[in-house]
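Note sheet for the following structure.
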Amino acid sequence: MGGSKLTHILFFFIIFFFVCWPSVMSTKTMMQPRQPCNSLVLYFHDIIYNGKNAANATSAIVGAPDGANLTILAGNKHFGNMVVFDDPITLDNNLHSEPIGRAQGFYFYDKKDIFTAWLGFSFVLNSTDHKGTINFAGADPLMNKTRDISVIGGTGDFFMTRGIATLMTDAFEGEVYFRLRVDIKLYECY
């Protein structure tokens, strides 16, 4: 009887080894850091309409009624304001460099006590190196040196891509101009 029990235990371990061990090994493989399949560093330049710069402005507050920035609720954190933008994208941090596309979307200031925003936008690229869109969405805690947002899809050269974009404020000139450095790491490329 003891030999039969030992046979059953041995049989169980053999089955475990052949059935379960490959999935355990693949789980360990998946836990290792993945390397990006594509990386880009781009800059976008946001020139906020201030009532005097209509010719140069690339963004405007559209989600606040006239004078809403002066209310106690909005305060200096701009809580509740929504901004729509169509900003040039460049390969370097020079506003006057040749644009390779446009950053198009919106952000809204979503906290009363902290200067932060939520972003939803696309990079619409049309250069000799890249054609298509990269779509982004996520929270942007503006006071952090770097912030990560999700790459949630794309078209053209970036069809169905997924990844992470690290934002860094590269320049900030009051409430008129800011430049973001966007370090894009794509982990799903088709």
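Chain identifiers are assigned as A, B, and so on, following the order in which chains appear in the structure tokens; residues are numbered from 1 within each chain, and ligands are numbered from 1 in order of appearance.
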
| request: Might you pull out every residue within 7 Å of A:Asp87, with only C-alpha atoms counted and same-chain residues fewer than 3 positions away left off, and present them as a ChimeraX atom specification? | output: /A:44-46,58,102-104

Export of prior selection with N, CA and C atoms as a PDB file, in the first residue's frame:
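As a result, again-v3.pdb now contains:
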ATOM      1  N   PHE A  44       6.672  69.865 -27.342  1.00  0.00           N
ATOM      2  CA  PHE A  44       5.558  70.667 -27.856  1.00  0.00           C
ATOM      3  C   PHE A  44       5.473  71.971 -27.101  1.00  0.00           C
ATOM      4  N   HIS A  45       5.066  73.001 -27.859  1.00  0.00           N
ATOM      5  CA  HIS A  45       5.130  74.389 -27.425  1.00  0.00           C
ATOM      6  C   HIS A  45       3.716  74.943 -27.320  1.00  0.00           C
ATOM      7  N   ASP A  46       3.321  75.351 -26.143  1.00  0.00           N
ATOM      8  CA  ASP A  46       1.963  75.836 -25.890  1.00  0.00           C
ATOM      9  C   ASP A  46       2.011  77.339 -25.641  1.00  0.00           C
ATOM     10  N   THR A  58      -1.574  79.277 -29.562  1.00  0.00           N
ATOM     11  CA  THR A  58      -1.862  77.912 -30.015  1.00  0.00           C
ATOM     12  C   THR A  58      -2.826  77.203 -29.059  1.00  0.00           C
ATOM     13  N   ARG A 102       1.678  68.296 -35.035  1.00  0.00           N
ATOM     14  CA  ARG A 102       0.920  69.123 -34.099  1.00  0.00           C
ATOM     15  C   ARG A 102       0.482  68.266 -32.914  1.00  0.00           C
ATOM     16  N   ALA A 103       0.482  68.873 -31.728  1.00  0.00           N
ATOM     17  CA  ALA A 103      -0.121  68.275 -30.539  1.00  0.00           C
ATOM     18  C   ALA A 103      -1.516  68.874 -30.433  1.00  0.00           C
ATOM     19  N   GLN A 104      -2.541  68.042 -30.506  1.00  0.00           N
ATOM     20  CA  GLN A 104      -3.920  68.529 -30.530  1.00  0.00           C
ATOM     21  C   GLN A 104      -4.729  67.823 -29.459  1.00  0.00           C
TER      22      GLN A 104
END

Shell around A:Phe172 at 12 Å using only C-alpha atoms, local window under 2 positions removed, as a VMD selection string: chain A and resid 45 to 48 142 to 143 168 to 170 174 to 181

Emit the selected residues as a compact mmCIF listing (two decimals), in the first residue's frame, including all heavy atoms.
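Wrote part.txt, looks like this:
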# COMPACT_ATOMS: atom_id res chain seq x y z
N HIS A 45 5.07 73.00 -27.86
CA HIS A 45 5.13 74.39 -27.42
C HIS A 45 3.72 74.94 -27.32
O HIS A 45 3.00 75.00 -28.32
CB HIS A 45 5.94 75.21 -28.44
CG HIS A 45 7.27 74.61 -28.77
ND1 HIS A 45 8.41 74.99 -28.12
CD2 HIS A 45 7.64 73.64 -29.66
CE1 HIS A 45 9.44 74.30 -28.61
NE2 HIS A 45 8.99 73.47 -29.53
N ASP A 46 3.32 75.35 -26.14
CA ASP A 46 1.96 75.84 -25.89
C ASP A 46 2.01 77.34 -25.64
O ASP A 46 2.63 77.79 -24.67
CB ASP A 46 1.39 75.11 -24.67
CG ASP A 46 -0.10 75.30 -24.54
OD1 ASP A 46 -0.83 74.77 -25.40
OD2 ASP A 46 -0.54 75.94 -23.57
N ILE A 47 1.38 78.10 -26.52
CA ILE A 47 1.30 79.56 -26.37
C ILE A 47 -0.16 79.88 -26.06
O ILE A 47 -1.03 79.76 -26.91
CB ILE A 47 1.75 80.29 -27.65
CG1 ILE A 47 3.18 79.86 -28.03
CG2 ILE A 47 1.67 81.80 -27.46
CD1 ILE A 47 3.61 80.29 -29.41
N ILE A 48 -0.41 80.27 -24.83
CA ILE A 48 -1.76 80.45 -24.33
C ILE A 48 -2.30 81.83 -24.73
O ILE A 48 -1.62 82.84 -24.55
CB ILE A 48 -1.80 80.28 -22.80
CG1 ILE A 48 -1.27 78.88 -22.44
CG2 ILE A 48 -3.20 80.48 -22.24
CD1 ILE A 48 -0.84 78.74 -21.02
N LEU A 142 1.43 68.96 -12.30
CA LEU A 142 2.35 69.92 -12.91
C LEU A 142 3.55 70.29 -12.04
O LEU A 142 4.59 70.69 -12.57
CB LEU A 142 1.58 71.18 -13.29
CG LEU A 142 0.49 70.95 -14.34
CD1 LEU A 142 -0.50 72.10 -14.36
CD2 LEU A 142 1.11 70.75 -15.70
N MET A 143 3.43 70.18 -10.74
CA MET A 143 4.53 70.60 -9.89
C MET A 143 5.62 69.53 -9.75
O MET A 143 6.70 69.81 -9.25
CB MET A 143 4.01 70.99 -8.50
CG MET A 143 2.99 72.14 -8.55
SD MET A 143 3.47 73.56 -9.57
CE MET A 143 4.78 74.24 -8.61
N MET A 168 8.13 66.42 -19.05
CA MET A 168 8.94 67.29 -18.22
C MET A 168 8.75 68.72 -18.73
O MET A 168 8.86 68.96 -19.93
CB MET A 168 10.42 66.92 -18.30
CG MET A 168 11.27 67.76 -17.38
SD MET A 168 13.06 67.45 -17.41
CE MET A 168 13.27 65.86 -18.08
N THR A 169 8.43 69.64 -17.83
CA THR A 169 8.32 71.04 -18.22
C THR A 169 9.71 71.55 -18.53
O THR A 169 10.57 71.60 -17.66
CB THR A 169 7.65 71.87 -17.12
OG1 THR A 169 6.38 71.30 -16.81
CG2 THR A 169 7.48 73.32 -17.55
N ASP A 170 9.94 71.88 -19.79
CA ASP A 170 11.26 72.29 -20.26
C ASP A 170 11.42 73.81 -20.19
O ASP A 170 12.52 74.32 -20.09
CB ASP A 170 11.44 71.79 -21.69
CG ASP A 170 12.86 71.89 -22.18
OD1 ASP A 170 13.74 71.31 -21.52
OD2 ASP A 170 13.08 72.55 -23.22
N GLY A 174 5.43 82.22 -17.21
CA GLY A 174 4.18 82.70 -16.64
C GLY A 174 2.99 81.98 -17.22
O GLY A 174 3.01 80.78 -17.42
N GLU A 175 1.94 82.72 -17.49
CA GLU A 175 0.72 82.13 -18.03
C GLU A 175 0.59 82.39 -19.52
O GLU A 175 -0.51 82.51 -20.05
CB GLU A 175 -0.49 82.67 -17.26
CG GLU A 175 -0.46 82.24 -15.81
CD GLU A 175 -1.71 82.65 -15.06
OE1 GLU A 175 -2.64 83.19 -15.69
OE2 GLU A 175 -1.75 82.41 -13.86
N VAL A 176 1.72 82.48 -20.21
CA VAL A 176 1.69 82.75 -21.64
C VAL A 176 2.29 81.60 -22.45
O VAL A 176 1.75 81.22 -23.47
CB VAL A 176 2.44 84.06 -21.98
CG1 VAL A 176 2.49 84.30 -23.47
CG2 VAL A 176 1.79 85.23 -21.27
N TYR A 177 3.40 81.00 -21.99
CA TYR A 177 4.09 79.99 -22.78
C TYR A 177 4.67 78.91 -21.88
O TYR A 177 5.20 79.18 -20.81
CB TYR A 177 5.24 80.66 -23.56
CG TYR A 177 6.16 79.69 -24.28
CD1 TYR A 177 5.78 79.09 -25.48
CD2 TYR A 177 7.40 79.36 -23.76
CE1 TYR A 177 6.61 78.21 -26.14
CE2 TYR A 177 8.25 78.48 -24.41
CZ TYR A 177 7.85 77.90 -25.60
OH TYR A 177 8.67 77.02 -26.25
N PHE A 178 4.53 77.67 -22.33
CA PHE A 178 5.31 76.59 -21.73
C PHE A 178 5.68 75.58 -22.81
O PHE A 178 5.04 75.50 -23.85
CB PHE A 178 4.59 75.92 -20.55
CG PHE A 178 3.36 75.13 -20.91
CD1 PHE A 178 3.44 73.81 -21.32
CD2 PHE A 178 2.10 75.71 -20.81
CE1 PHE A 178 2.31 73.08 -21.64
CE2 PHE A 178 0.97 74.99 -21.13
CZ PHE A 178 1.06 73.67 -21.55
N ARG A 179 6.76 74.87 -22.54
CA ARG A 179 7.25 73.86 -23.46
C ARG A 179 7.41 72.56 -22.67
O ARG A 179 7.98 72.55 -21.58
CB ARG A 179 8.59 74.27 -24.05
CG ARG A 179 9.23 73.27 -24.97
CD ARG A 179 10.54 73.78 -25.58
NE ARG A 179 11.51 74.13 -24.57
CZ ARG A 179 12.07 75.35 -24.45
NH1 ARG A 179 11.73 76.32 -25.26
NH2 ARG A 179 12.95 75.59 -23.51
N LEU A 180 6.89 71.48 -23.24
CA LEU A 180 7.03 70.17 -22.61
C LEU A 180 7.98 69.30 -23.42
O LEU A 180 7.87 69.23 -24.65
CB LEU A 180 5.68 69.45 -22.50
CG LEU A 180 4.66 70.02 -21.55
CD1 LEU A 180 3.40 69.14 -21.54
CD2 LEU A 180 5.21 70.15 -20.14
N ARG A 181 8.87 68.64 -22.72
CA ARG A 181 9.70 67.59 -23.31
C ARG A 181 8.93 66.29 -23.08
O ARG A 181 8.53 65.99 -21.96
CB ARG A 181 11.05 67.53 -22.62
CG ARG A 181 11.98 66.47 -23.17
CD ARG A 181 13.29 66.45 -22.35
NE ARG A 181 14.31 65.69 -23.01
CZ ARG A 181 14.52 64.39 -22.81
NH1 ARG A 181 13.75 63.73 -21.98
NH2 ARG A 181 15.48 63.77 -23.44

Shortest contact to A:Asn38, candidates A:Arg162, A:Asp92, A:Ala54, A:Leu167, atoms counted only C-alpha atoms, goes to A:Arg162

Computed gap from atom CA of A:Lys52 to atom CA of A:Leu119 is 25.4 Å

Computed gap from atom CA of A:Ala117 to atom CA of A:Gly138 is 8.8 Å

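Neighbouring residues of A:Thr116 at 9 Å or closer, counting only C-alpha atoms and skipping chain neighbours under 4 positions away, are Lys77, Phe79, Phe108, Tyr109, Asp110, Lys111, Lys112, Ala139, Asp140, Pro141, Leu142 and Met143 of chain A.
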
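Between atom CA of A:Ile134 and atom CA of A:Ile152 there is a distance of 7.8 Å.
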
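Note that DSSP on the backbone gives helix (DSSP H, G or I) to these residues of stretch 40-156 of chain A: Ala68, Asn69, Leu70, Gly75, Asn76, Lys77 and Gly156 of chain A.
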
Using the selection just defined, write its residues with N, CA and C atoms as a compact mmCIF listing (two decimals), in the first residue's frame.
# COMPACT_ATOMS: atom_id res chain seq x y z
N ALA A 68 -14.21 83.93 -15.54
CA ALA A 68 -14.18 82.84 -14.56
C ALA A 68 -12.82 82.71 -13.89
N ASN A 69 -11.76 83.11 -14.56
CA ASN A 69 -10.43 83.04 -13.93
C ASN A 69 -10.34 83.96 -12.72
N LEU A 70 -11.24 84.93 -12.63
CA LEU A 70 -11.18 85.88 -11.53
C LEU A 70 -12.03 85.45 -10.34
N GLY A 75 -9.31 80.51 -8.50
CA GLY A 75 -8.07 80.84 -7.81
C GLY A 75 -6.87 80.83 -8.74
N ASN A 76 -5.67 80.82 -8.15
CA ASN A 76 -4.46 80.83 -8.96
C ASN A 76 -4.08 79.44 -9.47
N LYS A 77 -4.86 78.42 -9.12
CA LYS A 77 -4.64 77.06 -9.63
C LYS A 77 -5.51 76.79 -10.87
N GLY A 156 -1.35 54.91 -38.34
CA GLY A 156 -0.22 55.03 -39.26
C GLY A 156 0.99 54.25 -38.77
